[in-house]
Every structure is written in C-alpha cells, then in structure tokens.
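Visitor: Pasting upload_9.cif here (mmCIF, C-alpha atoms):
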data_data
loop_
_atom_site.label_atom_id
_atom_site.label_comp_id
_atom_site.auth_asym_id
_atom_site.auth_seq_id
_atom_site.Cartn_x
_atom_site.Cartn_y
_atom_site.Cartn_z
CA MET U 1 23.76 -13.08 12.47
CA THR U 2 24.78 -9.82 10.82
CA CYS U 3 23.06 -7.81 8.13
CA ALA U 4 24.57 -7.51 4.69
CA LEU U 5 23.58 -6.49 1.24
CA THR U 6 21.65 -9.16 -0.59
CA PRO U 7 23.18 -9.60 -4.06
CA SER U 8 20.79 -9.11 -6.95
CA PRO U 9 21.36 -9.45 -10.68
CA THR U 10 19.10 -6.46 -11.40
CA VAL U 11 19.54 -4.06 -8.49
CA ALA U 12 22.65 -2.40 -7.12
CA GLY U 13 23.71 0.84 -5.49
CA PRO U 14 21.00 2.86 -3.74
CA LEU U 15 18.32 0.24 -4.49
CA ALA U 16 20.28 -2.71 -3.15
CA VAL U 17 18.44 -4.05 -0.12
CA LEU U 18 19.71 -5.18 3.27
CA GLY U 19 19.30 -8.76 4.36
CA VAL U 20 20.70 -11.54 6.51
CA PRO U 21 22.93 -14.03 4.68
CA GLY U 22 21.28 -17.42 4.34
CA GLN U 23 17.78 -16.09 5.02
CA ILE U 24 15.33 -15.94 2.11
CA ASN U 25 12.78 -13.17 2.58
CA LEU U 26 9.63 -13.70 0.54
CA ASP U 27 7.40 -11.53 2.72
CA TYR U 28 7.81 -8.15 1.01
CA ALA U 29 4.06 -7.45 0.96
CA ALA U 30 4.06 -7.23 4.76
CA SER U 31 7.26 -5.19 5.14
CA ALA U 32 9.88 -4.81 2.44
CA PRO U 33 13.56 -4.87 3.36
CA CYS U 34 15.47 -1.66 3.78
CA ALA U 35 17.05 -0.09 0.70
CA GLN U 36 20.61 1.18 0.87
CA ALA U 37 19.33 4.64 -0.09
CA ALA U 38 17.26 4.78 3.09
CA THR U 39 20.09 3.74 5.40
CA ASP U 40 22.52 6.14 3.73
CA ALA U 41 20.12 9.06 4.12
CA VAL U 42 19.43 8.31 7.77
CA THR U 43 23.12 7.77 8.57
CA ALA U 44 24.05 11.08 6.97
CA LEU U 45 21.37 12.96 8.91
CA LEU U 46 21.85 11.43 12.34
CA PRO U 47 24.78 13.67 13.41
CA TRP U 48 22.56 16.65 12.64
CA TYR U 49 19.47 15.25 14.34
CA ALA U 50 17.57 18.00 16.17
CA SER U 51 14.16 19.62 16.35
CA VAL U 52 12.14 20.32 13.23
CA HIS U 53 10.52 23.77 12.75
CA ARG U 54 10.91 26.80 14.96
CA GLY U 55 14.44 25.99 16.15
CA ALA U 56 17.02 28.75 15.62
CA GLY U 57 20.16 26.61 15.85
CA ALA U 58 22.06 25.33 12.84
CA LEU U 59 21.12 21.71 13.56
CA SER U 60 17.43 22.53 13.79
CA GLN U 61 17.56 24.61 10.63
CA HIS U 62 19.31 21.78 8.81
CA CYS U 63 16.69 19.23 9.95
CA THR U 64 13.79 21.52 9.09
CA LEU U 65 15.14 21.91 5.58
CA ALA U 66 15.65 18.16 5.24
CA TYR U 67 12.10 17.48 6.39
CA GLU U 68 10.49 19.94 4.00
CA GLN U 69 12.72 18.81 1.14
CA ALA U 70 11.56 15.25 1.85
CA ARG U 71 7.95 16.43 1.57
CA GLN U 72 8.69 18.02 -1.79
CA THR U 73 10.56 14.96 -3.06
CA VAL U 74 7.78 12.56 -2.10
CA GLY U 75 5.17 14.85 -3.63
CA ASP U 76 7.12 15.11 -6.89
CA PHE U 77 7.63 11.34 -7.01
CA PHE U 78 3.89 10.72 -6.83
CA GLY U 79 2.93 13.53 -9.20
CA ALA U 80 1.38 15.90 -6.67
CA ARG U 81 -0.36 18.98 -8.04
CA PRO U 82 0.92 22.38 -6.88
CA ASP U 83 -1.96 22.86 -4.43
CA ASP U 84 -1.97 19.31 -3.04
CA HIS U 85 -0.98 18.59 0.54
CA VAL U 86 1.61 15.95 1.37
CA VAL U 87 0.96 14.92 4.97
CA PHE U 88 3.41 12.58 6.68
CA THR U 89 1.67 9.83 8.64
CA ARG U 90 2.80 6.54 10.19
CA ASN U 91 1.64 4.27 7.36
CA THR U 92 -1.21 3.68 4.91
CA THR U 93 -3.63 2.73 7.67
CA ASP U 94 -2.87 5.98 9.47
CA ALA U 95 -3.21 7.97 6.25
CA LEU U 96 -6.63 6.53 5.44
CA ASN U 97 -7.82 7.07 9.01
CA LEU U 98 -6.75 10.69 8.66
CA LEU U 99 -8.73 11.00 5.44
CA ALA U 100 -11.75 9.37 7.08
CA ARG U 101 -11.59 11.98 9.85
CA ALA U 102 -11.39 14.77 7.25
CA LEU U 103 -14.47 13.81 5.24
CA PRO U 104 -17.10 16.55 5.05
CA ALA U 105 -20.32 15.83 6.88
CA GLY U 106 -22.66 13.63 4.90
CA THR U 107 -19.97 12.08 2.69
CA THR U 108 -20.84 8.67 1.27
CA VAL U 109 -17.88 6.33 0.88
CA VAL U 110 -17.99 3.67 -1.82
CA THR U 111 -15.53 0.80 -1.66
CA PHE U 112 -15.24 -2.85 -2.67
CA GLY U 113 -15.24 -6.10 -0.74
CA GLY U 114 -11.68 -6.93 -1.77
CA GLU U 115 -9.96 -4.30 0.36
CA HIS U 116 -7.31 -4.53 3.05
CA HIS U 117 -8.66 -3.62 6.47
CA ALA U 118 -6.87 -0.27 6.15
CA ASN U 119 -9.34 0.66 3.40
CA LEU U 120 -12.29 -1.21 4.85
CA LEU U 121 -12.53 -0.24 8.51
CA PRO U 122 -11.76 3.51 8.93
CA TRP U 123 -14.75 4.89 7.05
CA PRO U 124 -17.79 6.26 8.90
CA ARG U 125 -20.74 3.98 9.45
CA GLY U 126 -22.82 3.19 6.40
CA PRO U 127 -20.27 3.03 3.55
CA VAL U 128 -21.43 1.42 0.33
CA ARG U 129 -19.44 -1.79 -0.03
CA LEU U 130 -19.67 -3.20 -3.54
CA PRO U 131 -19.25 -6.94 -4.13
CA MET U 132 -15.88 -8.15 -5.34
CA PRO U 133 -16.02 -8.17 -9.16
CA GLU U 134 -14.92 -11.11 -11.28
CA HIS U 135 -12.64 -9.00 -13.47
CA PRO U 136 -11.34 -5.41 -13.67
CA ALA U 137 -13.97 -4.34 -16.20
CA GLY U 138 -16.62 -5.55 -13.77
CA ALA U 139 -15.26 -3.19 -11.12
CA VAL U 140 -15.63 -0.25 -13.50
CA ARG U 141 -19.20 -1.20 -14.43
CA ALA U 142 -20.19 -1.82 -10.79
CA LEU U 143 -18.83 1.56 -9.71
CA ASP U 144 -20.58 3.34 -12.57
CA ALA U 145 -23.89 1.73 -11.61
CA ALA U 146 -23.44 2.47 -7.90
CA LEU U 147 -22.59 6.13 -8.45
CA SER U 148 -25.47 6.53 -10.91
CA GLU U 149 -27.82 5.22 -8.25
CA LEU U 150 -26.38 7.47 -5.55
CA ARG U 151 -26.86 10.53 -7.74
CA ARG U 152 -30.32 9.57 -9.00
CA GLY U 153 -33.11 11.97 -7.97
CA VAL U 154 -30.89 13.97 -5.61
CA ASP U 155 -31.36 17.73 -5.66
CA ARG U 156 -28.30 18.41 -3.60
CA GLU U 157 -25.18 16.42 -4.33
CA PRO U 158 -23.54 15.41 -1.06
CA PRO U 159 -19.86 14.48 -1.26
CA VAL U 160 -18.98 10.98 -2.45
CA LEU U 161 -15.58 9.34 -2.03
CA VAL U 162 -14.56 6.18 -3.87
CA ALA U 163 -11.89 4.29 -1.90
CA VAL U 164 -10.11 1.50 -3.72
CA THR U 165 -6.83 -0.38 -3.69
CA GLY U 166 -4.25 -0.06 -6.42
CA ALA U 167 -3.12 -3.69 -6.09
CA SER U 168 -4.47 -6.41 -3.83
CA ASN U 169 -2.31 -7.37 -0.88
CA VAL U 170 -3.77 -10.90 -1.10
CA THR U 171 -3.51 -11.74 -4.80
CA GLY U 172 -1.29 -8.99 -6.20
CA GLU U 173 -3.92 -8.30 -8.85
CA ARG U 174 -3.89 -4.73 -10.11
CA TRP U 175 -7.06 -2.68 -10.12
CA PRO U 176 -8.09 -0.42 -13.05
CA VAL U 177 -7.34 2.77 -11.16
CA ALA U 178 -7.36 5.12 -14.16
CA GLU U 179 -10.72 3.80 -15.37
CA LEU U 180 -12.23 3.97 -11.89
CA ALA U 181 -11.01 7.56 -11.56
CA ARG U 182 -12.71 8.49 -14.82
CA VAL U 183 -15.98 7.00 -13.60
CA ALA U 184 -15.69 8.86 -10.30
CA ARG U 185 -15.02 12.13 -12.11
CA ARG U 186 -18.00 11.60 -14.41
CA HIS U 187 -20.27 11.31 -11.38
CA ARG U 188 -18.65 14.24 -9.55
CA ALA U 189 -17.16 11.95 -6.91
CA ARG U 190 -13.65 11.93 -5.50
CA ILE U 191 -11.36 8.91 -5.44
CA ALA U 192 -8.75 7.77 -2.92
CA VAL U 193 -6.31 4.99 -3.74
CA ASP U 194 -4.57 2.72 -1.26
CA ALA U 195 -1.24 2.37 -3.08
CA ALA U 196 0.60 0.49 -0.33
CA GLN U 197 1.12 -2.54 -2.57
CA LEU U 198 1.18 -0.80 -5.96
CA ALA U 199 3.76 1.93 -5.30
CA PRO U 200 6.71 -0.42 -4.61
CA HIS U 201 6.18 -2.17 -7.95
CA ALA U 202 5.01 0.46 -10.44
CA PRO U 203 5.02 4.24 -10.94
CA VAL U 204 1.98 5.99 -9.48
CA ASP U 205 1.23 9.53 -10.67
CA VAL U 206 -1.67 11.29 -8.98
CA ARG U 207 -1.94 13.96 -11.64
CA ALA U 208 -1.77 11.59 -14.60
CA LEU U 209 -4.30 9.22 -13.05
CA ASP U 210 -6.51 12.13 -11.91
CA LEU U 211 -6.69 10.86 -8.33
CA ASP U 212 -7.83 12.99 -5.44
CA TYR U 213 -6.00 11.19 -2.64
CA LEU U 214 -3.20 8.67 -2.39
CA ALA U 215 -2.03 6.72 0.66
CA VAL U 216 1.32 4.92 0.87
CA SER U 217 3.56 3.26 3.47
CA GLY U 218 7.30 3.69 3.74
CA HIS U 219 7.74 0.22 5.19
CA LYS U 220 6.33 -1.29 1.98
CA LEU U 221 8.53 1.01 -0.10
CA TYR U 222 11.95 -0.06 1.24
CA ALA U 223 12.06 2.74 3.85
CA PRO U 224 11.22 1.02 7.17
CA PHE U 225 11.46 4.01 9.48
CA GLY U 226 7.80 4.47 10.38
CA ALA U 227 6.62 7.03 7.83
CA GLY U 228 3.67 7.00 5.48
CA VAL U 229 1.95 9.66 3.40
CA LEU U 230 -1.50 10.98 2.62
CA LEU U 231 -1.26 13.07 -0.52
CA GLY U 232 -4.12 14.96 -2.10
CA ARG U 233 -6.63 17.77 -2.32
CA ALA U 234 -6.15 20.53 0.23
CA ASP U 235 -9.73 21.70 0.74
CA TRP U 236 -11.06 18.76 2.77
CA LEU U 237 -7.86 18.57 4.80
CA ASP U 238 -7.79 22.28 5.59
CA ALA U 239 -11.46 22.32 6.60
CA ALA U 240 -11.21 19.32 8.94
CA PRO U 241 -10.31 19.41 12.62
CA PRO U 242 -6.69 18.43 13.19
CA TYR U 243 -6.07 14.70 13.17
CA LEU U 244 -3.90 15.28 16.26
CA ALA U 245 -4.32 18.29 18.53
CA GLY U 246 -1.04 19.68 19.78
CA GLY U 247 2.02 21.75 19.13
CA GLY U 248 2.81 22.59 15.54
CA ALA U 249 -0.83 22.38 14.43
CA THR U 250 -1.77 25.76 15.94
CA SER U 251 -1.27 29.36 14.94
CA HIS U 252 -2.68 30.73 18.22
CA VAL U 253 -3.67 29.33 21.62
CA GLY U 254 -5.37 31.79 23.96
CA GLY U 255 -6.16 31.66 27.64
CA ALA U 256 -9.65 30.24 27.12
CA THR U 257 -10.02 26.57 26.28
CA HIS U 258 -11.92 27.36 23.11
CA ASP U 259 -9.51 30.08 21.94
CA VAL U 260 -7.48 28.02 19.48
CA ARG U 261 -6.71 28.69 15.84
CA TRP U 262 -5.36 25.87 13.71
CA VAL U 263 -2.95 26.30 10.84
CA ALA U 264 -3.75 25.30 7.28
CA GLY U 265 -1.52 23.03 5.27
CA PRO U 266 0.11 19.69 6.15
CA ALA U 267 1.18 20.92 9.60
CA ARG U 268 -2.50 20.99 10.61
CA HIS U 269 -2.41 17.19 10.80
CA GLU U 270 1.21 16.69 11.93
CA ALA U 271 1.10 17.88 15.54
CA GLY U 272 4.04 16.99 17.76
CA THR U 273 7.60 16.21 16.81
CA PRO U 274 7.52 14.76 13.29
CA ASN U 275 9.18 11.57 12.13
CA LEU U 276 12.12 13.28 10.48
CA LEU U 277 14.13 10.12 9.85
CA GLY U 278 11.15 8.31 8.35
CA ALA U 279 10.39 11.19 6.01
CA VAL U 280 14.00 11.51 4.86
CA ALA U 281 14.37 7.76 4.37
CA LEU U 282 11.19 7.60 2.28
CA ALA U 283 12.26 10.55 0.17
CA ALA U 284 15.66 8.96 -0.46
CA VAL U 285 14.05 5.79 -1.78
CA CYS U 286 11.68 7.82 -3.93
CA ASP U 287 14.69 9.64 -5.38
CA ALA U 288 16.47 6.36 -6.08
CA LEU U 289 13.42 4.83 -7.76
CA ALA U 290 12.88 7.98 -9.83
CA SER U 291 16.41 7.59 -11.19
CA ALA U 292 16.06 3.87 -11.87
CA ASP U 293 14.86 2.04 -14.96
CA ARG U 294 11.42 1.16 -13.62
CA ALA U 295 10.52 -0.77 -16.77
CA ALA U 296 13.55 -3.05 -16.36
CA LEU U 297 12.76 -3.59 -12.69
CA HIS U 298 9.17 -4.43 -13.58
CA ASP U 299 10.21 -6.89 -16.28
CA ALA U 300 12.64 -8.65 -13.93
CA GLU U 301 9.98 -8.94 -11.24
CA GLN U 302 7.41 -10.26 -13.71
CA ARG U 303 9.79 -12.99 -14.85
CA LEU U 304 10.24 -14.10 -11.24
CA LEU U 305 6.50 -13.90 -10.64
CA ASP U 306 5.77 -16.02 -13.71
CA ARG U 307 8.31 -18.60 -12.57
CA LEU U 308 6.76 -18.74 -9.11
CA ARG U 309 3.21 -19.11 -10.37
CA ALA U 310 4.19 -21.71 -12.96
CA GLY U 311 6.06 -23.69 -10.33
CA LEU U 312 3.08 -23.62 -7.97
CA ALA U 313 0.81 -24.80 -10.78
CA GLU U 314 2.99 -27.89 -11.18
CA LEU U 315 2.56 -28.89 -7.54
CA PRO U 316 -0.39 -31.31 -7.42
CA HIS U 317 -1.76 -30.08 -4.09
CA ALA U 318 -1.15 -26.33 -4.52
CA VAL U 319 -4.06 -24.04 -5.36
CA GLU U 320 -3.46 -20.37 -6.14
CA LEU U 321 -5.94 -17.77 -4.92
CA HIS U 322 -7.17 -15.23 -7.44
CA ALA U 323 -10.20 -13.02 -7.95
CA PHE U 324 -9.65 -12.00 -11.57
CA GLU U 325 -8.69 -14.18 -14.54
CA PRO U 326 -5.26 -15.83 -14.17
CA ALA U 327 -3.72 -13.57 -16.83
CA ALA U 328 -4.83 -10.31 -15.17
CA PRO U 329 -2.00 -7.83 -14.49
CA ARG U 330 -0.48 -8.20 -11.05
CA VAL U 331 2.46 -7.24 -8.87
CA GLY U 332 4.85 -9.64 -7.16
CA ILE U 333 2.40 -11.23 -4.71
CA VAL U 334 1.02 -14.78 -4.80
CA SER U 335 -1.28 -16.38 -2.25
CA PHE U 336 -1.94 -20.10 -2.29
CA VAL U 337 -2.86 -23.11 -0.20
CA LEU U 338 -1.61 -26.67 -0.03
CA ALA U 339 -4.48 -29.13 0.18
CA GLY U 340 -4.44 -31.12 3.38
CA ARG U 341 -1.75 -28.91 4.95
CA ASP U 342 -2.24 -26.30 7.66
CA SER U 343 -0.82 -23.02 6.33
CA ALA U 344 0.66 -21.90 9.64
CA GLU U 345 2.47 -25.23 10.01
CA VAL U 346 3.81 -24.98 6.45
CA ALA U 347 5.09 -21.44 7.06
CA ALA U 348 6.77 -22.53 10.29
CA HIS U 349 8.36 -25.51 8.53
CA LEU U 350 9.71 -23.30 5.72
CA ALA U 351 11.26 -20.95 8.25
CA ARG U 352 12.68 -23.64 10.50
CA ARG U 353 14.00 -26.13 7.94
CA HIS U 354 14.71 -23.95 4.91
CA ARG U 355 15.18 -20.42 6.31
CA ILE U 356 12.46 -19.14 3.99
CA GLY U 357 10.11 -16.45 5.25
CA VAL U 358 6.56 -16.33 3.87
CA ARG U 359 3.31 -15.07 5.39
CA ASP U 360 0.37 -17.18 6.53
CA GLY U 361 -3.11 -16.13 7.60
CA LEU U 362 -5.84 -13.95 6.10
CA PHE U 363 -3.54 -10.98 5.49
CA CYS U 364 -5.64 -8.27 7.18
CA ALA U 365 -8.23 -8.72 4.44
CA HIS U 366 -10.41 -11.27 6.21
CA PRO U 367 -13.66 -11.04 4.21
CA PHE U 368 -11.80 -11.11 0.91
CA ALA U 369 -9.39 -13.90 1.83
CA ARG U 370 -12.17 -16.11 3.19
CA ARG U 371 -14.12 -15.63 -0.03
CA LEU U 372 -11.08 -16.55 -2.13
CA LEU U 373 -10.51 -19.68 -0.05
CA SER U 374 -14.11 -20.73 -0.58
CA GLU U 375 -13.85 -20.09 -4.31
CA ALA U 376 -10.56 -22.00 -4.49
CA SER U 377 -12.24 -25.00 -2.87
CA ALA U 378 -15.10 -24.90 -5.37
CA ARG U 379 -12.80 -24.36 -8.33
CA SER U 380 -10.39 -27.15 -7.43
CA GLY U 381 -13.01 -29.58 -6.15
CA ARG U 382 -10.94 -30.02 -2.99
CA ARG U 383 -12.64 -30.16 0.38
CA ASP U 384 -9.43 -30.36 2.37
CA LEU U 385 -8.14 -26.83 1.84
CA PRO U 386 -6.99 -25.06 5.03
CA ALA U 387 -8.82 -22.13 6.59
CA THR U 388 -5.94 -19.74 5.98
CA ALA U 389 -3.49 -19.19 3.14
CA LEU U 390 0.20 -18.78 2.43
CA ARG U 391 1.58 -15.70 0.68
CA ALA U 392 4.91 -15.31 -1.09
CA SER U 393 5.87 -11.80 -2.20
CA ILE U 394 8.92 -10.51 -4.02
CA GLY U 395 10.59 -7.25 -4.97
CA LEU U 396 13.99 -5.60 -5.15
CA GLY U 397 16.69 -8.13 -4.31
CA SER U 398 14.54 -11.20 -4.99
CA THR U 399 16.24 -13.75 -7.21
CA ARG U 400 15.48 -16.82 -9.27
CA GLU U 401 17.30 -18.90 -6.66
CA HIS U 402 14.94 -17.63 -3.94
CA VAL U 403 11.90 -18.67 -5.96
CA ASP U 404 13.39 -22.05 -6.87
CA GLN U 405 14.28 -22.83 -3.26
CA LEU U 406 10.73 -22.08 -2.16
CA LEU U 407 9.30 -24.30 -4.87
CA ALA U 408 11.71 -27.11 -4.00
CA ALA U 409 10.84 -26.85 -0.31
CA LEU U 410 7.12 -26.98 -1.09
CA ALA U 411 7.59 -29.95 -3.43
CA ALA U 412 9.42 -31.81 -0.67
CA LEU U 413 6.29 -31.51 1.46
CA GLU U 414 4.14 -33.39 -1.04
#
If you convert what's in this file into structure tokens, what do you get?
Guide:
Amino acid sequence: MTCALTPSPTVAGPLAVLGVPGQINLDYAASAPCAQAATDAVTALLPWYASVHRGAGALSQHCTLAYEQARQTVGDFFGARPDDHVVFTRNTTDALNLLARALPAGTTVVTFGGEHHANLLPWPRGPVRLPMPEHPAGAVRALDAALSELRRGVDREPPVLVAVTGASNVTGERWPVAELARVARRHRARIAVDAAQLAPHAPVDVRALDLDYLAVSGHKLYAPFGAGVLLGRADWLDAAPPYLAGGGATSHVGGATHDVRWVAGPARHEAGTPNLLGAVALAAVCDALASADRAALHDAEQRLLDRLRAGLAELPHAVELHAFEPAAPRVGIVSFVLAGRDSAEVAAHLARRHRIGVRDGLFCAHPFARRLLSEASARSGRRDLPATALRASIGLGSTREHVDQLLAALAALE
C-alpha cells in the first residue's frame, strides 16, 4: 500500500493529511496523521540537515536558525509571554516529567482523578488528587475548596501547582481551563495544562488563559516526528537541575567532577543533539493552523462528532462513556462500549473486515476509564458491559463517510 493525501471537504493544502487509500483512521487521539505542512517542512530541510548550535558551516548555521525559528513560531502559536521558555521535549509525557523534576522543594501538586497517566504519574509522592467532578462547575468549586484548605493557617506559603487536562483523552470533554486558572491565581497557585488533546482541536493561548505551563505533543498535532513542548514560566525551569545532563546544557565544565555551570534558558533542559526535524515539523503545522479558519474547522468537526454520537445512541447495545452532562463541550473523541461484546475483539473485527482503525482499552487513563465503565453499567442497567472500551476520534481529514461506515459496521454486529 502507498500513502496518499486523504481527500477532505473542509481541509486542503498545508492541512491536508496523509493516509492510506481504503483505510479509515479513527484513532486521532492516539496519534494524528501527518499534515502536508509537516512533510513539506521536513523535506525542504533534509538536504541542509546538520548540527544545531555551535557549528560554523553554512549547513549548521541554517539548521540552527531553523530550530530557533521553530521555537519562536511554536511559542507565538500558543501565546507565550516574552519571558516564557519554550522547551522542546519528546511529547506531553516528557514535558510533564520535566516540569515535575523542576518543581521547587515542598511544592504541592493538585490534580483530578480524570487525568491521563501523563498528568497523573510524574508528580512527586503525595499529590492531592481530587475526585472526578460531575460537571465543569464542580471542578472549579472542588479546586477552590482544596486550595482554600491548603492555604488555611499556613504562615509560609509553599508552592502549589494545579495540573489539569484541557480535554479528556477518554471522553473528549473539555475542562474549564480559564476558570480553573482564575481560581489558582486567587490562591497564589500556579497551573499547568496538559493540552495534548485540546490543542489539535481548538486555539490555546497561554497568555489569554493566564496559564503558567502548557504541555503539548507534536504527534497529536499532525506533526509525527517525535517532538513535544513544555512552555511556561522561566523561574522554576532556570532554578532546576537540568532534565538531562550533557552537552549543550553547560556553560562551563572544569576538571573537577563538581565544577560544572549550567546555562539558563531552554537549552538547560535540551542537552544533546536536539530533534531538529520534529521541531520544524511542529512549527510548520502551527503556522498552517494559525493561517486557517479555526472556527470553520471546529464547526465541521462538531458536525461529524454530533453525527457519530447520535448514531451510537441509536444502536441498542451501545453505551457512550461520559463524565459530564451529555451536552458538555467536547472535542472529537468518543468512547463507548457494546454490551455483550469484548472491545478488543470488536476493534480487531473493524480493522480486519472493514479497514477501520479505532482504539480499545483503558486509554492510559486507567482509574478514570474504569470509573466511567462502572458508571455506564449503573446508568444503563446493563451487567454485560466489557472491562475495556472502544474509542473513535476524528480531526483534519475525517469525513461523514468515515463516520457512517463505522456506524454501519457497528450496526452489523448487533
């Protein structure tokens, strides 16, 4: 099979996505397909590929400029403040692990039970994990109460970091990021947002939302070349030991083992040869999205999402998973189960018989997904729901025909 552009009624040019003819990809939430902008940028740079930073040759100078321009482009796309750092990482998980390593001593991390493992596991022992709320307003109230309690009767105010997702990778439900940021600010806490699932579907502006840190993945954002980003306040990052110790992170290495001085700035946490191609690919997609009509893209995706959810609701044995009310804002992600059907077997059948790719499992959000499955059983009155779920996710290049073929394939299983 050969790769080709997947036709889309709403997306063309730099935001057209690559695909394999005849294969229907509905697994964007795991890894989105590659945008034409990313492949064009990488193809143009490859003849020039050389070292980044410190090289005197024309190729190295060209690549260094491309890398630093990519940093600027990504920072601008996400609304970075002038004194923010934009650190290139491997992905969102890597970015949040970096932030966890950079926390000042004594920092309390507050998060919720509905997080992806990337925003659940990296934090130091003893984080405050709030129960999953029933609706977005409940998240705001729960955070306000938790931060009030943390600050009560404390003479000194140790650092507090709120770590929350922008959109659930299980349900697609959007979290009230702006409201949570206001609560954090009121209690003199910082806030970090896992925007891996939100950024591909909606604009995210750190300055407008008053966020302290943002983590994103290129492979979710149509740039599958192994780059992610941690963007945010410089002070914690500059005060922390380097995430990786090695070349590029130092300003001086003496003869004694302890005689090392580390640089400030993003380079402090980017030791070794950087992922030039990943950074350039991500920046190219950011540029293409910045030039696109994001409102039109959002409206087209929401129409497909509504069609998918309505079609699932008509299947007698399908039960959608959700934490908030059904009408809560969401991105193009739907998780569901078919009563009496093993999810892994259904996913394999869709791939084998219909060439449709969906995800099955607990989606690296095990506590949250298990809770949703239990709630779905209670809500539906079904005792024959499987132990894992199916997830269909859409984005650029997804079409009405893709959604209809999935629904038809699921109906044929009934």
Visitor: Could you produce a table of the residues of stretch 257-340 of chain U lying within 9 Å of stretch 169-173 of chain U, with the nearest pair of atoms per residue and their separation in Å rounded to one decimal, using only C-alpha atoms, ordered by chain and increasing residue number, as a tab-separated table?
Guide:
residue	atom	partner	partner_atom	distance
U:Glu320	CA	U:Thr171	CA	8.7
U:Leu321	CA	U:Thr171	CA	6.5
U:His322	CA	U:Thr171	CA	5.7
U:Ala323	CA	U:Thr171	CA	7.5
U:Phe324	CA	U:Glu173	CA	7.3
U:Ala328	CA	U:Glu173	CA	6.7
U:Pro329	CA	U:Glu173	CA	6.0
U:Arg330	CA	U:Glu173	CA	4.1
U:Val331	CA	U:Gly172	CA	4.9
U:Gly332	CA	U:Gly172	CA	6.2
U:Ile333	CA	U:Gly172	CA	4.6
U:Val334	CA	U:Thr171	CA	5.5
U:Ser335	CA	U:Thr171	CA	5.7
U:Phe336	CA	U:Thr171	CA	8.9
Visitor: Take the selection from the previous step and output its residues with C-alpha atoms, as a short mmCIF file (atom, residue, chain, number, x, y, z; two decimals), keeping the file's coordinate frame.
Guide:
data_model
loop_
_atom_site.label_atom_id
_atom_site.label_comp_id
_atom_site.auth_asym_id
_atom_site.auth_seq_id
_atom_site.Cartn_x
_atom_site.Cartn_y
_atom_site.Cartn_z
CA GLU U 320 -3.46 -20.37 -6.14
CA LEU U 321 -5.94 -17.77 -4.92
CA HIS U 322 -7.17 -15.23 -7.44
CA ALA U 323 -10.20 -13.02 -7.95
CA PHE U 324 -9.65 -12.00 -11.57
CA ALA U 328 -4.83 -10.31 -15.17
CA PRO U 329 -2.00 -7.83 -14.49
CA ARG U 330 -0.48 -8.20 -11.05
CA VAL U 331 2.46 -7.24 -8.87
CA GLY U 332 4.85 -9.64 -7.16
CA ILE U 333 2.40 -11.23 -4.71
CA VAL U 334 1.02 -14.78 -4.80
CA SER U 335 -1.28 -16.38 -2.25
CA PHE U 336 -1.94 -20.10 -2.29
#
Visitor: Would you compute the distance between atom CA of U:Gly153 and atom CA of U:Arg188? Give it in Å to one decimal.
Guide: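 A separation of 14.7 Å between them.
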Visitor: Could you state the separation of atom CA of U:Arg307 and atom CA of U:Ala365 in Å, given to one decimal place?
Guide: 25.7 Å
Visitor: Tell me which protein, DNA and RNA residues are within 7 Å of stretch 354-357 of chain U, counting only C-alpha atoms, leaving out same-chain ones fewer than 2 positions away, and put them as an MDAnalysis selection string.
Guide: chainID U and resid 23:27 350:352 359
Visitor: For the structure provided, state which residues fall under the PyMOL selection byres ((chain U and resi 216) around 7), and present them as a list in words.
Guide: Asn91, Thr92, Asp194, Ala195, Ala196, Leu214, Ala215, Ser217, Gly218, Gly228, Val229 and Leu230 of chain U
Visitor: Pick the closest to U:Cys286 from U:Leu406, U:Ala66, U:Val87, U:Leu221: which is it, counting all atoms listed in the file?
Guide: U:Leu221
Visitor: Have a look at U:Val285, U:Val42, U:Leu15, U:Val140 and name the one nearest to U:Leu297; count all atoms listed in the file.
Guide: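 Closest to U:Leu297 of all the choices is U:Leu15.
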Visitor: Kindly indicate which residue among U:Val204, U:Ala387, U:Ala102, U:Ala318 lies nearest to U:Ala240, using all atoms listed in the file for the distances.
Guide: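 Ranked by minimum distance to U:Ala240, first place goes to U:Ala102.
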Visitor: Restricting the calculation to only C-alpha atoms, which member of U:Ala95, U:Ala239, U:Ala378, U:Val74 is positioned closest to U:Val319?
Guide: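 Ranking U:Ala95, U:Ala239, U:Ala378, U:Val74 by distance to U:Val319, first place goes to U:Ala378.
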Visitor: Applying 10 Å and only C-alpha atoms, which residues near U:Asp83 remain after dropping the ones on its own chain fewer than 2 positions away? List them as a PDB file with C-alpha atoms, in the coordinates of the input.
Guide:
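Once written, selection-v4.pdb looks like this:
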ATOM      1  CA  ALA U  80       1.380  15.900  -6.670  1.00  0.00           C
ATOM      2  CA  ARG U  81      -0.360  18.980  -8.040  1.00  0.00           C
ATOM      3  CA  HIS U  85      -0.980  18.590   0.540  1.00  0.00           C
ATOM      4  CA  VAL U  86       1.610  15.950   1.370  1.00  0.00           C
ATOM      5  CA  GLY U 232      -4.120  14.960  -2.100  1.00  0.00           C
ATOM      6  CA  ARG U 233      -6.630  17.770  -2.320  1.00  0.00           C
ATOM      7  CA  ALA U 234      -6.150  20.530   0.230  1.00  0.00           C
ATOM      8  CA  ASP U 235      -9.730  21.700   0.740  1.00  0.00           C
ATOM      9  CA  GLY U 265      -1.520  23.030   5.270  1.00  0.00           C
TER      10      GLY U 265
END
Visitor: For the structure shown, which residues end up in the PyMOL selection byres ((chain U and resi 108) around 8)? Put them as a list in words, please?
Guide: Gly106, Thr107, Val109, Val110, Gly126, Pro127, Val128, Pro158, Pro159, Val160 and Leu161 of chain U
